[in-house]
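Structure first, commentary second.
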Amino acid sequence: MIYTFKLRKLYLLLLAMLILSIPFIFHYKNNFISVNSNNDKNYIKWVDFNVTYPALEKTLNLDINSKQKYNWIEILSCLAVKYGGDFKKYKEKDVDDLIKKIDDGQNISTLTNQKYYSYYFEAYSAVLNEFIGQYKIKTETGDWKEYYGLKVFSPIAKGYAYYDFDDFGTERSYGYKRKHLGHDLMALTGTPVIAVESGIVEELGWNKYGGWRIGIRSFDKKRYYYYAHLRKNYPYVKTLKKGNKVTAGDVIGYVGRTGYSSNENVNNIEQSHLHLGLQLIFDESQKDGTNQIWINLWNITQLLEKYRSAVERIADSKEFKRSIDFEDIPNFVQDE
Ligand SMILES: [Zn+2]
């Protein structure tokens with residue numbers, strides 16, 4: 001009898017301990033889950049894209065001329081590790097040295113610190129992934145011919161003058177004090193604006209900072225191109241709608257000086273220009289909100305200066321269209 005009583009007491013004690021520990025078990029479990037889900041959200045939070053124009057041009061030509069035996073994104077990522085992400089240290093000889101190593105049969109990704117290399121490779125891929133690849137051009141006989149090369153375009157149509165300088169991060173004061181998160185290309189009102197890269201129209205309409213503006217998302221969803229201050233009364237190609245697919249080199253709108261007004265269709269920008277922004281999105285939560293990543297386009301616009309889309313006026317209209325039929329073959333393929 002005493003024996004069973006003791007056993008019962010022990011049993012009750014164990015039960016009480018179990019009940020008391022339930023909140024701790026749950027607490028631990030929840031913590032464990034939230035730690036886990038944080039790990040799942042291990043995406044890139046910041047990119048400073050300062051690869052210089054000479055470095056871009058040299059590696060671009062190497063990639064295209066070698067048909068990707070030398071991958072420019074791999075070379076640039078390898079250099080970035082060497083320079084600690086600062087391309088002010090860029091020397092052409094560093095590229096030549098890397099090329100020699102590749103020619104000797106060495107794998108570029110193993111030549112450097114793996115952890116830093118994979119960061120730069122992912123960051124630079126997010127910027128440059130669709131710059132080089134396959135595309136088709138329609139010949140005079142009506143046949144399509146396929147090429148491998150640069151398949152993005154300058155945002156300003158061929159034959160139209162513009163000037164620009166490195167203005168990323170300079171102060172702006174309309175609305176609130178903030179940094180200039182884009183690149184301005186000064187051009188006459190009415191100058192045709194060209195889609196730099198193919199993608200889907202995600203935004204179209206008035207925004208109190210950008211005035212009439214178009215936002216285009218790349219097919220891989222990693223890049224958001226923002227074209228702003230478009231022309232009063234006739235800002236963009238009339239048929240353009242949200243959700244439309246545009247092809248790199250298409251005319252999408254016209255330079256103007258709208259913006260800096262809560263009212264629509266107001267010219268409050270002093271000098272007519274195109275504001276071009278490029279936002280990188282590694283996780284959808286970065287698209288809007290306080291942790292946006294916008295990159296400096298100064299070096300990229302210098303690279304694209306020679307790659308302009310030829311345009312012509314459509315008869316009996318105010319519209320322009322591209323002169324050369326072009327088909328983009330995206331590197332990114334949606335898996336469905
Ligand atoms: Zn601007």
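Every chain in the structure tokens takes a letter, A first, then B, and so on in the order presented; its residues are numbered from 1, and the ligands are numbered from 1 following the presented order.
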Please list as number ranges by chain every residue within 8 Å of A:Asp167, counting only C-alpha atoms and excluding residues in the same chain fewer than 4 positions away.
A: 180, 182-184, 298
Residues at most 10 Å from ligand 1, using only C-alpha atoms and all ligand atoms? Could they come as a list in words?
Asp167, Phe168, Gly169, Thr170, Arg172, Lys179, His180, Leu181, Gly182, His183, Asp184, Leu185, Met186, Tyr209, Gly210, Tyr227, Ala228, His229, His273, Leu274, His275, Leu276 and Gly277 of chain A
Atoms to include: N, CA and C atoms. Write the selected residues as a PDB file, in the first residue's frame.
ATOM      1  N   ASP A 167      25.375  61.050 -61.446  1.00  0.00           N
ATOM      2  CA  ASP A 167      24.546  61.834 -60.517  1.00  0.00           C
ATOM      3  C   ASP A 167      23.828  60.949 -59.507  1.00  0.00           C
ATOM      4  N   PHE A 168      24.275  59.712 -59.360  1.00  0.00           N
ATOM      5  CA  PHE A 168      23.618  58.794 -58.413  1.00  0.00           C
ATOM      6  C   PHE A 168      23.956  59.201 -56.970  1.00  0.00           C
ATOM      7  N   GLY A 169      22.944  59.280 -56.138  1.00  0.00           N
ATOM      8  CA  GLY A 169      23.186  59.563 -54.719  1.00  0.00           C
ATOM      9  C   GLY A 169      23.242  61.032 -54.371  1.00  0.00           C
ATOM     10  N   THR A 170      23.116  61.931 -55.379  1.00  0.00           N
ATOM     11  CA  THR A 170      23.118  63.366 -55.066  1.00  0.00           C
ATOM     12  C   THR A 170      21.805  63.722 -54.346  1.00  0.00           C
ATOM     13  N   ARG A 172      18.247  65.291 -53.263  1.00  0.00           N
ATOM     14  CA  ARG A 172      17.001  65.777 -53.841  1.00  0.00           C
ATOM     15  C   ARG A 172      16.141  66.274 -52.691  1.00  0.00           C
ATOM     16  N   LYS A 179      18.084  60.799 -51.369  1.00  0.00           N
ATOM     17  CA  LYS A 179      19.161  60.622 -52.348  1.00  0.00           C
ATOM     18  C   LYS A 179      18.561  60.353 -53.732  1.00  0.00           C
ATOM     19  N   HIS A 180      19.274  60.768 -54.759  1.00  0.00           N
ATOM     20  CA  HIS A 180      18.857  60.504 -56.127  1.00  0.00           C
ATOM     21  C   HIS A 180      19.182  59.054 -56.476  1.00  0.00           C
ATOM     22  N   LEU A 181      18.134  58.218 -56.588  1.00  0.00           N
ATOM     23  CA  LEU A 181      18.351  56.781 -56.766  1.00  0.00           C
ATOM     24  C   LEU A 181      18.202  56.374 -58.225  1.00  0.00           C
ATOM     25  N   GLY A 182      18.832  57.135 -59.109  1.00  0.00           N
ATOM     26  CA  GLY A 182      18.734  56.796 -60.522  1.00  0.00           C
ATOM     27  C   GLY A 182      19.754  57.561 -61.329  1.00  0.00           C
ATOM     28  N   HIS A 183      19.519  57.587 -62.642  1.00  0.00           N
ATOM     29  CA  HIS A 183      20.451  58.231 -63.546  1.00  0.00           C
ATOM     30  C   HIS A 183      19.658  59.103 -64.513  1.00  0.00           C
ATOM     31  N   ASP A 184      20.036  60.383 -64.621  1.00  0.00           N
ATOM     32  CA  ASP A 184      19.325  61.313 -65.498  1.00  0.00           C
ATOM     33  C   ASP A 184      20.025  61.439 -66.844  1.00  0.00           C
ATOM     34  N   LEU A 185      19.217  61.368 -67.918  1.00  0.00           N
ATOM     35  CA  LEU A 185      19.750  61.563 -69.274  1.00  0.00           C
ATOM     36  C   LEU A 185      19.032  62.770 -69.858  1.00  0.00           C
ATOM     37  N   MET A 186      19.784  63.879 -69.981  1.00  0.00           N
ATOM     38  CA  MET A 186      19.202  65.128 -70.464  1.00  0.00           C
ATOM     39  C   MET A 186      19.000  65.035 -71.978  1.00  0.00           C
ATOM     40  N   TYR A 209       6.436  62.008 -57.692  1.00  0.00           N
ATOM     41  CA  TYR A 209       7.872  62.289 -57.888  1.00  0.00           C
ATOM     42  C   TYR A 209       8.248  62.144 -59.361  1.00  0.00           C
ATOM     43  N   GLY A 210       7.898  61.010 -59.935  1.00  0.00           N
ATOM     44  CA  GLY A 210       8.339  60.690 -61.299  1.00  0.00           C
ATOM     45  C   GLY A 210       7.461  61.240 -62.396  1.00  0.00           C
ATOM     46  N   TYR A 227      11.225  54.337 -65.639  1.00  0.00           N
ATOM     47  CA  TYR A 227      11.445  55.411 -66.627  1.00  0.00           C
ATOM     48  C   TYR A 227      10.510  56.554 -66.255  1.00  0.00           C
ATOM     49  N   ALA A 228      11.059  57.732 -65.895  1.00  0.00           N
ATOM     50  CA  ALA A 228      10.199  58.779 -65.330  1.00  0.00           C
ATOM     51  C   ALA A 228      10.352  60.147 -65.996  1.00  0.00           C
ATOM     52  N   HIS A 229       9.431  61.061 -65.630  1.00  0.00           N
ATOM     53  CA  HIS A 229       9.306  62.444 -66.128  1.00  0.00           C
ATOM     54  C   HIS A 229       8.917  62.480 -67.604  1.00  0.00           C
ATOM     55  N   HIS A 273      14.271  65.694 -69.179  1.00  0.00           N
ATOM     56  CA  HIS A 273      15.234  64.591 -69.120  1.00  0.00           C
ATOM     57  C   HIS A 273      14.514  63.288 -68.812  1.00  0.00           C
ATOM     58  N   LEU A 274      15.192  62.184 -69.097  1.00  0.00           N
ATOM     59  CA  LEU A 274      14.692  60.879 -68.682  1.00  0.00           C
ATOM     60  C   LEU A 274      15.381  60.502 -67.386  1.00  0.00           C
ATOM     61  N   HIS A 275      14.591  60.164 -66.387  1.00  0.00           N
ATOM     62  CA  HIS A 275      15.153  59.575 -65.173  1.00  0.00           C
ATOM     63  C   HIS A 275      15.025  58.066 -65.331  1.00  0.00           C
ATOM     64  N   LEU A 276      16.171  57.376 -65.298  1.00  0.00           N
ATOM     65  CA  LEU A 276      16.165  55.920 -65.385  1.00  0.00           C
ATOM     66  C   LEU A 276      16.645  55.348 -64.063  1.00  0.00           C
ATOM     67  N   GLY A 277      15.839  54.455 -63.504  1.00  0.00           N
ATOM     68  CA  GLY A 277      16.235  53.778 -62.268  1.00  0.00           C
ATOM     69  C   GLY A 277      16.286  52.284 -62.500  1.00  0.00           C
TER      70      GLY A 277
END
Polymer residues at most 10 Å from A:Ala310, only C-alpha atoms, same-chain spacing of 6 or more positions, as a list of chain:residue names
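Selected residues are A:Ile156, A:Ala157, A:Lys158, A:Gly159, A:Tyr160, A:Ile194, A:Gly249, A:Asp250, A:Val251, A:Lys321, A:Arg322, A:Ser323, A:Ile324.
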Using N, CA and C atoms, can you export the residues from the last selection as an mmCIF file, in the first residue's frame?
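Generated file (part.cif):
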data_model
loop_
_atom_site.group_PDB
_atom_site.id
_atom_site.type_symbol
_atom_site.label_atom_id
_atom_site.label_comp_id
_atom_site.auth_asym_id
_atom_site.auth_seq_id
_atom_site.Cartn_x
_atom_site.Cartn_y
_atom_site.Cartn_z
ATOM 1 N N ILE A 156 17.926 55.787 -74.789
ATOM 2 C CA ILE A 156 17.675 56.902 -75.723
ATOM 3 C C ILE A 156 17.830 56.381 -77.161
ATOM 4 N N ALA A 157 16.814 56.650 -78.014
ATOM 5 C CA ALA A 157 16.804 56.132 -79.392
ATOM 6 C C ALA A 157 18.006 56.609 -80.197
ATOM 7 N N LYS A 158 18.349 55.831 -81.204
ATOM 8 C CA LYS A 158 19.477 56.142 -82.093
ATOM 9 C C LYS A 158 19.243 57.464 -82.820
ATOM 10 N N GLY A 159 20.305 58.270 -82.888
ATOM 11 C CA GLY A 159 20.216 59.533 -83.619
ATOM 12 C C GLY A 159 19.724 60.701 -82.772
ATOM 13 N N TYR A 160 19.387 60.459 -81.532
ATOM 14 C CA TYR A 160 18.916 61.536 -80.631
ATOM 15 C C TYR A 160 20.012 61.879 -79.623
ATOM 16 N N ILE A 194 13.481 54.206 -75.018
ATOM 17 C CA ILE A 194 13.608 52.809 -75.445
ATOM 18 C C ILE A 194 13.633 51.882 -74.219
ATOM 19 N N GLY A 249 14.596 47.300 -76.796
ATOM 20 C CA GLY A 249 14.729 48.091 -78.015
ATOM 21 C C GLY A 249 13.426 48.683 -78.519
ATOM 22 N N ASP A 250 12.290 48.284 -77.926
ATOM 23 C CA ASP A 250 10.992 48.865 -78.308
ATOM 24 C C ASP A 250 10.911 50.322 -77.853
ATOM 25 N N VAL A 251 10.207 51.137 -78.638
ATOM 26 C CA VAL A 251 9.864 52.483 -78.162
ATOM 27 C C VAL A 251 8.756 52.313 -77.124
ATOM 28 N N LYS A 321 8.231 53.997 -83.806
ATOM 29 C CA LYS A 321 8.416 52.563 -83.565
ATOM 30 C C LYS A 321 9.828 52.168 -83.968
ATOM 31 N N ARG A 322 10.263 51.026 -83.508
ATOM 32 C CA ARG A 322 11.608 50.561 -83.854
ATOM 33 C C ARG A 322 11.658 50.234 -85.343
ATOM 34 N N SER A 323 12.829 50.435 -85.972
ATOM 35 C CA SER A 323 12.947 50.217 -87.415
ATOM 36 C C SER A 323 13.326 48.784 -87.746
ATOM 37 N N ILE A 324 14.003 48.113 -86.818
ATOM 38 C CA ILE A 324 14.506 46.776 -87.115
ATOM 39 C C ILE A 324 13.752 45.736 -86.293
#
Using only C-alpha atoms, the residue out of A:Tyr117, A:Asn207, A:Ser285, A:Leu297 with shortest distance to A:Thr52 is A:Leu297
Can you measure atom CA of A:Val201 to atom CA of A:Lys151 for me? One decimal in Å is fine.
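Computing the Euclidean distance for atom CA of A:Val201 and atom CA of A:Lys151 yields 18.5 Å.
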Output as a ChimeraX atom specification all residues of stretch 113-194 of chain A that backbone DSSP marks as strand (DSSP E).
/A:132-138,144-150,171-172,178-179,183-186,192-194
Exercise: A:Phe121 partners within 9 Å, only C-alpha atoms, chain neighbours under 3 positions left out, as JSON, numbers by chain:
{"A": [73, 74, 76, 77, 78, 116, 117, 118, 124, 125, 126]}
Which residues are near A:Lys69? Cut-off 10 Å, only C-alpha atoms, ignore same chain within fewer than 3 positions. Put them as a VMD selection string.
chain A and resid 62 to 66 72 99 102 to 103
Suppose we keep N, CA and C atoms; can you now write the selection as a compact mmCIF listing (two decimals), in the first residue's frame?
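Dumped to again.txt:
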# COMPACT_ATOMS: atom_id res chain seq x y z
N LEU A 62 35.12 40.07 -74.44
CA LEU A 62 35.73 38.74 -74.26
C LEU A 62 34.67 37.65 -74.28
N ASP A 63 33.58 37.90 -73.56
CA ASP A 63 32.49 36.91 -73.48
C ASP A 63 31.89 36.66 -74.86
N ILE A 64 31.54 37.75 -75.55
CA ILE A 64 30.87 37.61 -76.86
C ILE A 64 31.81 36.97 -77.89
N ASN A 65 33.05 37.47 -77.96
CA ASN A 65 33.98 36.97 -78.99
C ASN A 65 34.38 35.51 -78.74
N SER A 66 34.35 35.09 -77.47
CA SER A 66 34.75 33.70 -77.16
C SER A 66 33.52 32.78 -77.08
N TRP A 72 31.60 36.77 -68.71
CA TRP A 72 31.95 38.09 -68.12
C TRP A 72 31.51 38.22 -66.67
N ILE A 99 42.40 35.33 -67.67
CA ILE A 99 42.20 34.64 -68.95
C ILE A 99 43.29 33.57 -69.14
N ILE A 102 42.41 30.60 -67.09
CA ILE A 102 41.31 29.82 -67.70
C ILE A 102 41.86 29.01 -68.88
N ASP A 103 42.74 29.65 -69.67
CA ASP A 103 43.34 28.96 -70.82
C ASP A 103 44.19 27.77 -70.36
Please identify all polymer residues within 6 Å of A:Gly253, counting only C-alpha atoms, omitting same-chain residues fewer than 6 positions from it, and present them as a PyMOL selection string.
chain A and resi 192-193+235-237
Considering only C-alpha atoms, state which residue in the set A:Ala123, A:Ala187, A:Ile329, A:Leu128 is at the smallest distance from A:Ile300.
A:Leu128
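Close contacts of stretch 212-216 of chain A, defined as residues with an atom at most 6 Å away when counting only C-alpha atoms, with chain neighbours fewer than 6 positions off set aside, comprise A:Gly199, A:Ile200, A:Val201, A:Glu202, A:Glu203, A:Leu204, A:Gly205, A:Trp206, A:Tyr224, A:Tyr225, A:Tyr226, A:Tyr227, A:Ala228, A:His229, A:Leu230.
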Can you tell me, as a list of chain:residue names, which residues in stretch 182-313 of chain A count as alpha helix (DSSP H) by DSSP?
A:Trp298, A:Asn299, A:Ile300, A:Thr301, A:Gln302, A:Leu303, A:Leu304
Could you check how far atom CA of A:Asp316 sits from atom CA of A:Tyr234, in Å to one decimal?
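Going from atom CA of A:Asp316 over to atom CA of A:Tyr234, I get 15.3 Å.
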